[in-house]
Amino acid sequence: MTVGVLALQGDFREHLAMLRKIGVDGVEVRDPGQLAGIDALVIPGGESTTIGRLASIYGLIEPIRSRCLAGMPVLGTCAGMIFLASSTAEGDQPQLGLLDACVRRNAFGRQVASFEADLDVVGLDAQMHAVFIRAPWMEKIGADVEVLASVMDDRGVSHPVLVQQGRILATSFHPELTADTRLHEMLVALIEQA
Ligand code: GLN
């Protein structure tokens, strides 16, 4: 089994290290032709406008969309979540439109642009330590999107930060920046279920 990591911009090397840690072959993906050789895809954190623009220039948007619509599991973290979603609160940027969600970029505000939190995650026994860096949250989600973890903002409003829609997993935070490999293991489990 081989997991591709979209390697256009952002912290794709950290995702490759996580995959190595759980004994899964990871490959950098930059070319549409490489999609044929992978069983799942990770879209890293970084800058979603840059990832979207480069994906569009490299002709990756439609090929990724069709692989995922045909059932390939995908994990998008932070900018990767934004790129997976159908829209952003701020306006237009290239997106895959696979995750039925409207995402607000840099949503946690300037004062708390980056922070860490311990999350209760549906289906996991122990909490997940999560690193948020200029993180987005989900503003509106479709009926098929299951919320697996949320974070409360400073006004006491809860926002989804980890969701699943079929074989799509998306996080506002960066699992690749901690030692916790459980989300990468969840992605691999989705391949095995396919
Ligand atoms: N703020 C970035 C964006 O809008 C995401 C930040 C991240 O991936 N850490 O794309």
# chains A, B, ... in the order shown; residues from 1 in each chain; ligands from 1
>>> residues_around(residues="Leu60 (chain A)", least_positions_apart="6", cutoff="12 Å", atoms="only C-alpha atoms", output="MDAnalysis selection string")
chainID A and resid 6:8 29:35 51:54 66:67 94:96
>>> write_last_selection(atoms="N, CA and C atoms", output="mmCIF file, in the first residue's frame")
data_model
loop_
_atom_site.group_PDB
_atom_site.id
_atom_site.type_symbol
_atom_site.label_atom_id
_atom_site.label_comp_id
_atom_site.auth_asym_id
_atom_site.auth_seq_id
_atom_site.Cartn_x
_atom_site.Cartn_y
_atom_site.Cartn_z
ATOM 1 N N LEU A 6 0.610 15.218 -1.241
ATOM 2 C CA LEU A 6 0.675 16.312 -2.203
ATOM 3 C C LEU A 6 1.828 17.235 -1.798
ATOM 4 N N ALA A 7 2.819 17.356 -2.689
ATOM 5 C CA ALA A 7 4.083 17.992 -2.303
ATOM 6 C C ALA A 7 4.324 19.264 -3.111
ATOM 7 N N LEU A 8 3.330 20.135 -3.149
ATOM 8 C CA LEU A 8 3.440 21.376 -3.907
ATOM 9 C C LEU A 8 3.989 22.495 -3.038
ATOM 10 N N VAL A 29 3.711 13.582 -4.274
ATOM 11 C CA VAL A 29 2.905 13.666 -5.500
ATOM 12 C C VAL A 29 2.926 15.102 -6.018
ATOM 13 N N ARG A 30 3.382 15.258 -7.261
ATOM 14 C CA ARG A 30 3.374 16.576 -7.899
ATOM 15 C C ARG A 30 2.777 16.524 -9.294
ATOM 16 N N ASP A 31 2.589 15.316 -9.796
ATOM 17 C CA ASP A 31 2.228 15.131 -11.191
ATOM 18 C C ASP A 31 0.976 14.260 -11.255
ATOM 19 N N PRO A 32 0.000 14.622 -12.107
ATOM 20 C CA PRO A 32 -1.234 13.824 -12.172
ATOM 21 C C PRO A 32 -0.977 12.339 -12.420
ATOM 22 N N GLY A 33 0.073 12.021 -13.192
ATOM 23 C CA GLY A 33 0.381 10.625 -13.511
ATOM 24 C C GLY A 33 0.693 9.800 -12.275
ATOM 25 N N GLN A 34 1.170 10.464 -11.220
ATOM 26 C CA GLN A 34 1.547 9.732 -10.006
ATOM 27 C C GLN A 34 0.333 9.252 -9.218
ATOM 28 N N LEU A 35 -0.848 9.803 -9.514
ATOM 29 C CA LEU A 35 -2.041 9.422 -8.753
ATOM 30 C C LEU A 35 -2.411 7.957 -8.961
ATOM 31 N N ILE A 51 -1.246 26.330 -2.546
ATOM 32 C CA ILE A 51 -1.459 24.915 -2.906
ATOM 33 C C ILE A 51 -2.497 24.829 -4.026
ATOM 34 N N GLY A 52 -3.573 25.592 -3.894
ATOM 35 C CA GLY A 52 -4.628 25.562 -4.911
ATOM 36 C C GLY A 52 -4.144 26.074 -6.254
ATOM 37 N N ARG A 53 -3.371 27.164 -6.199
ATOM 38 C CA ARG A 53 -2.890 27.742 -7.461
ATOM 39 C C ARG A 53 -1.936 26.778 -8.162
ATOM 40 N N LEU A 54 -1.012 26.174 -7.398
ATOM 41 C CA LEU A 54 -0.049 25.244 -8.005
ATOM 42 C C LEU A 54 -0.764 23.982 -8.493
ATOM 43 N N SER A 66 -11.420 13.238 -9.316
ATOM 44 C CA SER A 66 -12.046 12.008 -9.816
ATOM 45 C C SER A 66 -11.568 10.780 -9.052
ATOM 46 N N ARG A 67 -10.278 10.750 -8.633
ATOM 47 C CA ARG A 67 -9.827 9.624 -7.786
ATOM 48 C C ARG A 67 -10.618 9.579 -6.470
ATOM 49 N N PRO A 94 -8.906 28.433 -5.597
ATOM 50 C CA PRO A 94 -9.072 27.085 -6.164
ATOM 51 C C PRO A 94 -9.277 26.053 -5.052
ATOM 52 N N GLN A 95 -10.359 25.272 -5.160
ATOM 53 C CA GLN A 95 -10.672 24.241 -4.167
ATOM 54 C C GLN A 95 -11.157 22.982 -4.873
ATOM 55 N N LEU A 96 -11.028 21.847 -4.176
ATOM 56 C CA LEU A 96 -11.452 20.577 -4.769
ATOM 57 C C LEU A 96 -12.970 20.388 -4.676
#
>>> residues_around(residues="Pro73 (chain A)", least_positions_apart="4", cutoff="6 Å", atoms="only C-alpha atoms", output="list in words")
Ala40, Arg167 and Ile168 of chain A
>>> write_last_selection(atoms="N, CA, C and O atoms", output="compact mmCIF listing (two decimals), in the first residue's frame")
# COMPACT_ATOMS: atom_id res chain seq x y z
N ALA A 40 -4.08 6.25 -1.26
CA ALA A 40 -4.71 7.31 -0.47
C ALA A 40 -3.84 8.54 -0.65
O ALA A 40 -2.68 8.44 -1.09
N ARG A 167 -14.90 8.75 2.93
CA ARG A 167 -13.47 8.46 3.05
C ARG A 167 -12.62 9.72 3.09
O ARG A 167 -11.41 9.66 2.85
N ILE A 168 -13.24 10.85 3.39
CA ILE A 168 -12.51 12.11 3.53
C ILE A 168 -12.36 12.43 5.02
O ILE A 168 -13.34 12.46 5.76
>>> closest_residue(among="A:Arg182, A:Arg105, A:Lys140, A:His159", to="ligand 1", atoms="only C-alpha atoms and all ligand atoms")
A:Arg105
>>> residues_near_ligand(ligand="ligand 1", cutoff="10 Å", atoms="only C-alpha atoms and all ligand atoms", output="ChimeraX atom specification")
/A:10-11,43-52,76-83,88,103-107,113-114,131-136,171-174
>>> write_last_selection(atoms="N, CA and C atoms", output="JSON list (two decimals), in the first residue's frame")
[["chain", "number", "residue", "atom", "x", "y", "z"],
["A", 10, "GLY", "N", 4.12, 23.59, 1.60],
["A", 10, "GLY", "CA", 3.68, 23.26, 2.94],
["A", 10, "GLY", "C", 4.49, 22.13, 3.56],
["A", 11, "ASP", "N", 3.94, 21.54, 4.65],
["A", 11, "ASP", "CA", 4.76, 20.62, 5.44],
["A", 11, "ASP", "C", 4.54, 19.14, 5.05],
["A", 43, "ILE", "N", -3.13, 15.75, 2.02],
["A", 43, "ILE", "CA", -2.91, 17.14, 1.57],
["A", 43, "ILE", "C", -2.47, 17.93, 2.80],
["A", 44, "PRO", "N", -1.24, 18.44, 2.77],
["A", 44, "PRO", "CA", -0.63, 19.00, 3.99],
["A", 44, "PRO", "C", -1.13, 20.40, 4.33],
["A", 45, "GLY", "N", -0.66, 20.89, 5.48],
["A", 45, "GLY", "CA", -0.85, 22.28, 5.85],
["A", 45, "GLY", "C", 0.16, 23.14, 5.11],
["A", 46, "GLY", "N", -0.13, 24.41, 5.07],
["A", 46, "GLY", "CA", 0.74, 25.36, 4.36],
["A", 46, "GLY", "C", -0.08, 26.58, 4.08],
["A", 47, "GLU", "N", -0.14, 26.95, 2.84],
["A", 47, "GLU", "CA", -0.91, 28.12, 2.41],
["A", 47, "GLU", "C", -1.87, 27.65, 1.32],
["A", 48, "SER", "N", -3.16, 27.65, 1.66],
["A", 48, "SER", "CA", -4.14, 27.02, 0.77],
["A", 48, "SER", "C", -4.24, 27.70, -0.60],
["A", 49, "THR", "N", -4.05, 29.03, -0.63],
["A", 49, "THR", "CA", -4.14, 29.69, -1.95],
["A", 49, "THR", "C", -2.99, 29.24, -2.84],
["A", 50, "THR", "N", -1.81, 29.08, -2.25],
["A", 50, "THR", "CA", -0.64, 28.63, -3.02],
["A", 50, "THR", "C", -0.82, 27.18, -3.47],
["A", 51, "ILE", "N", -1.25, 26.33, -2.55],
["A", 51, "ILE", "CA", -1.46, 24.92, -2.91],
["A", 51, "ILE", "C", -2.50, 24.83, -4.03],
["A", 52, "GLY", "N", -3.57, 25.59, -3.89],
["A", 52, "GLY", "CA", -4.63, 25.56, -4.91],
["A", 52, "GLY", "C", -4.14, 26.07, -6.25],
["A", 76, "GLY", "N", -6.87, 15.75, 4.71],
["A", 76, "GLY", "CA", -6.41, 17.13, 4.50],
["A", 76, "GLY", "C", -6.24, 17.81, 5.84],
["A", 77, "THR", "N", -5.04, 18.40, 6.05],
["A", 77, "THR", "CA", -4.78, 19.07, 7.33],
["A", 77, "THR", "C", -4.60, 20.57, 7.10],
["A", 78, "CYS", "N", -5.35, 21.34, 7.83],
["A", 78, "CYS", "CA", -5.26, 22.81, 7.84],
["A", 78, "CYS", "C", -5.45, 23.37, 6.42],
["A", 79, "ALA", "N", -4.41, 23.89, 5.78],
["A", 79, "ALA", "CA", -4.58, 24.36, 4.40],
["A", 79, "ALA", "C", -5.15, 23.23, 3.53],
["A", 80, "GLY", "N", -4.77, 21.99, 3.84],
["A", 80, "GLY", "CA", -5.29, 20.84, 3.09],
["A", 80, "GLY", "C", -6.80, 20.68, 3.27],
["A", 81, "MET", "N", -7.29, 21.00, 4.47],
["A", 81, "MET", "CA", -8.73, 20.97, 4.71],
["A", 81, "MET", "C", -9.43, 22.05, 3.89],
["A", 82, "ILE", "N", -8.82, 23.24, 3.87],
["A", 82, "ILE", "CA", -9.40, 24.35, 3.09],
["A", 82, "ILE", "C", -9.49, 23.94, 1.61],
["A", 83, "PHE", "N", -8.40, 23.36, 1.11],
["A", 83, "PHE", "CA", -8.36, 22.96, -0.30],
["A", 83, "PHE", "C", -9.39, 21.87, -0.62],
["A", 88, "THR", "N", -14.94, 28.94, 0.82],
["A", 88, "THR", "CA", -14.41, 29.63, 1.99],
["A", 88, "THR", "C", -15.30, 30.83, 2.27],
["A", 103, "VAL", "N", -15.49, 26.89, 4.82],
["A", 103, "VAL", "CA", -14.41, 27.02, 5.79],
["A", 103, "VAL", "C", -14.06, 28.49, 5.96],
["A", 104, "ARG", "N", -13.81, 28.88, 7.21],
["A", 104, "ARG", "CA", -13.30, 30.24, 7.45],
["A", 104, "ARG", "C", -11.81, 30.15, 7.73],
["A", 105, "ARG", "N", -11.01, 30.83, 6.90],
["A", 105, "ARG", "CA", -9.56, 30.78, 7.07],
["A", 105, "ARG", "C", -9.13, 31.66, 8.25],
["A", 106, "ASN", "N", -8.02, 31.30, 8.86],
["A", 106, "ASN", "CA", -7.44, 32.09, 9.97],
["A", 106, "ASN", "C", -8.52, 32.46, 10.98],
["A", 107, "ALA", "N", -9.37, 31.49, 11.32],
["A", 107, "ALA", "CA", -10.63, 31.80, 11.98],
["A", 107, "ALA", "C", -10.48, 32.13, 13.46],
["A", 113, "ALA", "N", -3.67, 33.33, 17.12],
["A", 113, "ALA", "CA", -3.41, 32.79, 15.79],
["A", 113, "ALA", "C", -2.92, 31.35, 15.87],
["A", 114, "SER", "N", -2.09, 31.06, 16.88],
["A", 114, "SER", "CA", -1.57, 29.71, 17.02],
["A", 114, "SER", "C", -1.73, 29.27, 18.47],
["A", 131, "VAL", "N", -2.18, 20.85, 17.39],
["A", 131, "VAL", "CA", -1.46, 22.11, 17.17],
["A", 131, "VAL", "C", -2.19, 22.88, 16.09],
["A", 132, "PHE", "N", -2.61, 24.09, 16.42],
["A", 132, "PHE", "CA", -3.34, 24.95, 15.48],
["A", 132, "PHE", "C", -2.44, 26.11, 15.08],
["A", 133, "ILE", "N", -2.25, 26.33, 13.79],
["A", 133, "ILE", "CA", -1.41, 27.42, 13.31],
["A", 133, "ILE", "C", -2.20, 28.21, 12.26],
["A", 134, "ARG", "N", -2.60, 29.43, 12.62],
["A", 134, "ARG", "CA", -3.45, 30.24, 11.73],
["A", 134, "ARG", "C", -4.53, 29.34, 11.11],
["A", 135, "ALA", "N", -5.22, 28.67, 12.00],
["A", 135, "ALA", "CA", -6.08, 27.55, 11.59],
["A", 135, "ALA", "C", -7.45, 28.01, 11.12],
["A", 136, "PRO", "N", -8.02, 27.27, 10.20],
["A", 136, "PRO", "CA", -9.40, 27.50, 9.78],
["A", 136, "PRO", "C", -10.36, 26.73, 10.69],
["A", 171, "THR", "N", -8.81, 18.03, 9.03],
["A", 171, "THR", "CA", -8.51, 18.63, 10.34],
["A", 171, "THR", "C", -8.11, 20.09, 10.16],
["A", 172, "SER", "N", -8.51, 20.91, 11.14],
["A", 172, "SER", "CA", -8.05, 22.31, 11.19],
["A", 172, "SER", "C", -6.62, 22.38, 11.70],
["A", 173, "PHE", "N", -6.20, 21.31, 12.39],
["A", 173, "PHE", "CA", -4.91, 21.33, 13.08],
["A", 173, "PHE", "C", -3.90, 20.47, 12.33],
["A", 174, "HIS", "N", -2.71, 20.32, 12.95],
["A", 174, "HIS", "CA", -1.58, 19.67, 12.27],
["A", 174, "HIS", "C", -1.17, 18.38, 12.98]]
>>> closest_residue(among="A:Ser87, A:Gln127, A:Gln193, A:Thr2", to="Gly166 (chain A)", atoms="only C-alpha atoms")
A:Gln193
>>> residues_around(residues="Leu190 (chain A)", least_positions_apart="3", cutoff="12 Å", atoms="only C-alpha atoms", output="PyMOL selection string")
chain A and resi 1+3+39-41+71-75+164-169+183-187+193-194
>>> closest_residue(among="A:Val121, A:Leu16, A:Val157, A:Met128", to="Asp180 (chain A)", atoms="only C-alpha atoms")
A:Met128
>>> residues_around(residues="Leu98 (chain A)", least_positions_apart="6", cutoff="8 Å", atoms="only C-alpha atoms", output="JSON, numbers by chain")
{"A": [65, 68, 69, 84, 85, 86]}
>>> write_last_selection(atoms="N, CA and C atoms", output="PDB file, in the first residue's frame")
ATOM      1  N   ARG A  65      -9.813  15.094  -7.886  1.00  0.00           N
ATOM      2  CA  ARG A  65     -11.266  15.005  -7.662  1.00  0.00           C
ATOM      3  C   ARG A  65     -11.816  13.659  -8.117  1.00  0.00           C
ATOM      4  N   CYS A  68     -10.807  10.749  -5.858  1.00  0.00           N
ATOM      5  CA  CYS A  68     -11.510  10.778  -4.561  1.00  0.00           C
ATOM      6  C   CYS A  68     -12.984  10.455  -4.742  1.00  0.00           C
ATOM      7  N   LEU A  69     -13.591  10.930  -5.814  1.00  0.00           N
ATOM      8  CA  LEU A  69     -15.000  10.607  -6.061  1.00  0.00           C
ATOM      9  C   LEU A  69     -15.169   9.114  -6.321  1.00  0.00           C
ATOM     10  N   LEU A  84      -9.670  21.004   0.349  1.00  0.00           N
ATOM     11  CA  LEU A  84     -10.666  19.937   0.127  1.00  0.00           C
ATOM     12  C   LEU A  84     -12.103  20.461   0.100  1.00  0.00           C
ATOM     13  N   ALA A  85     -12.340  21.585   0.761  1.00  0.00           N
ATOM     14  CA  ALA A  85     -13.711  22.038   1.017  1.00  0.00           C
ATOM     15  C   ALA A  85     -14.357  22.652  -0.224  1.00  0.00           C
ATOM     16  N   SER A  86     -15.670  22.916  -0.081  1.00  0.00           N
ATOM     17  CA  SER A  86     -16.397  23.445  -1.246  1.00  0.00           C
ATOM     18  C   SER A  86     -16.306  24.959  -1.355  1.00  0.00           C
TER      19      SER A  86
END
>>> residues_around(residues="region 150-155 of chain A", least_positions_apart="6", cutoff="9 Å", atoms="only C-alpha atoms", output="PyMOL selection string")
chain A and resi 108+117+119-121+137+161-163
>>> write_last_selection(atoms="N, CA, C and O atoms", output="PDB file, in the first residue's frame")
ATOM      1  N   PHE A 108      -9.408  31.667  14.077  1.00  0.00           N
ATOM      2  CA  PHE A 108      -9.319  31.829  15.532  1.00  0.00           C
ATOM      3  C   PHE A 108      -8.811  33.210  15.942  1.00  0.00           C
ATOM      4  O   PHE A 108      -8.640  33.479  17.122  1.00  0.00           O
ATOM      5  N   ALA A 117      -4.263  22.437  21.872  1.00  0.00           N
ATOM      6  CA  ALA A 117      -5.415  22.017  22.675  1.00  0.00           C
ATOM      7  C   ALA A 117      -5.475  20.501  22.713  1.00  0.00           C
ATOM      8  O   ALA A 117      -4.972  19.833  21.806  1.00  0.00           O
ATOM      9  N   LEU A 119      -7.943  17.480  22.460  1.00  0.00           N
ATOM     10  CA  LEU A 119      -9.290  17.283  21.912  1.00  0.00           C
ATOM     11  C   LEU A 119      -9.852  15.922  22.295  1.00  0.00           C
ATOM     12  O   LEU A 119      -9.137  14.918  22.259  1.00  0.00           O
ATOM     13  N   ASP A 120     -11.141  15.917  22.618  1.00  0.00           N
ATOM     14  CA  ASP A 120     -11.871  14.650  22.697  1.00  0.00           C
ATOM     15  C   ASP A 120     -12.292  14.310  21.275  1.00  0.00           C
ATOM     16  O   ASP A 120     -12.916  15.131  20.602  1.00  0.00           O
ATOM     17  N   VAL A 121     -11.935  13.119  20.826  1.00  0.00           N
ATOM     18  CA  VAL A 121     -12.242  12.722  19.454  1.00  0.00           C
ATOM     19  C   VAL A 121     -13.198  11.528  19.487  1.00  0.00           C
ATOM     20  O   VAL A 121     -12.927  10.539  20.175  1.00  0.00           O
ATOM     21  N   TRP A 137     -11.614  27.125  10.675  1.00  0.00           N
ATOM     22  CA  TRP A 137     -12.631  26.235  11.235  1.00  0.00           C
ATOM     23  C   TRP A 137     -13.736  26.081  10.215  1.00  0.00           C
ATOM     24  O   TRP A 137     -13.769  26.790   9.208  1.00  0.00           O
ATOM     25  N   VAL A 161     -13.404  20.937  14.174  1.00  0.00           N
ATOM     26  CA  VAL A 161     -12.000  21.014  13.746  1.00  0.00           C
ATOM     27  C   VAL A 161     -11.472  19.663  13.245  1.00  0.00           C
ATOM     28  O   VAL A 161     -10.344  19.584  12.782  1.00  0.00           O
ATOM     29  N   LEU A 162     -12.301  18.626  13.367  1.00  0.00           N
ATOM     30  CA  LEU A 162     -11.950  17.321  12.798  1.00  0.00           C
ATOM     31  C   LEU A 162     -13.256  16.704  12.311  1.00  0.00           C
ATOM     32  O   LEU A 162     -14.197  16.540  13.090  1.00  0.00           O
ATOM     33  N   VAL A 163     -13.314  16.428  11.027  1.00  0.00           N
ATOM     34  CA  VAL A 163     -14.555  15.894  10.456  1.00  0.00           C
ATOM     35  C   VAL A 163     -14.236  14.731   9.512  1.00  0.00           C
ATOM     36  O   VAL A 163     -13.111  14.579   9.037  1.00  0.00           O
TER      37      VAL A 163
END
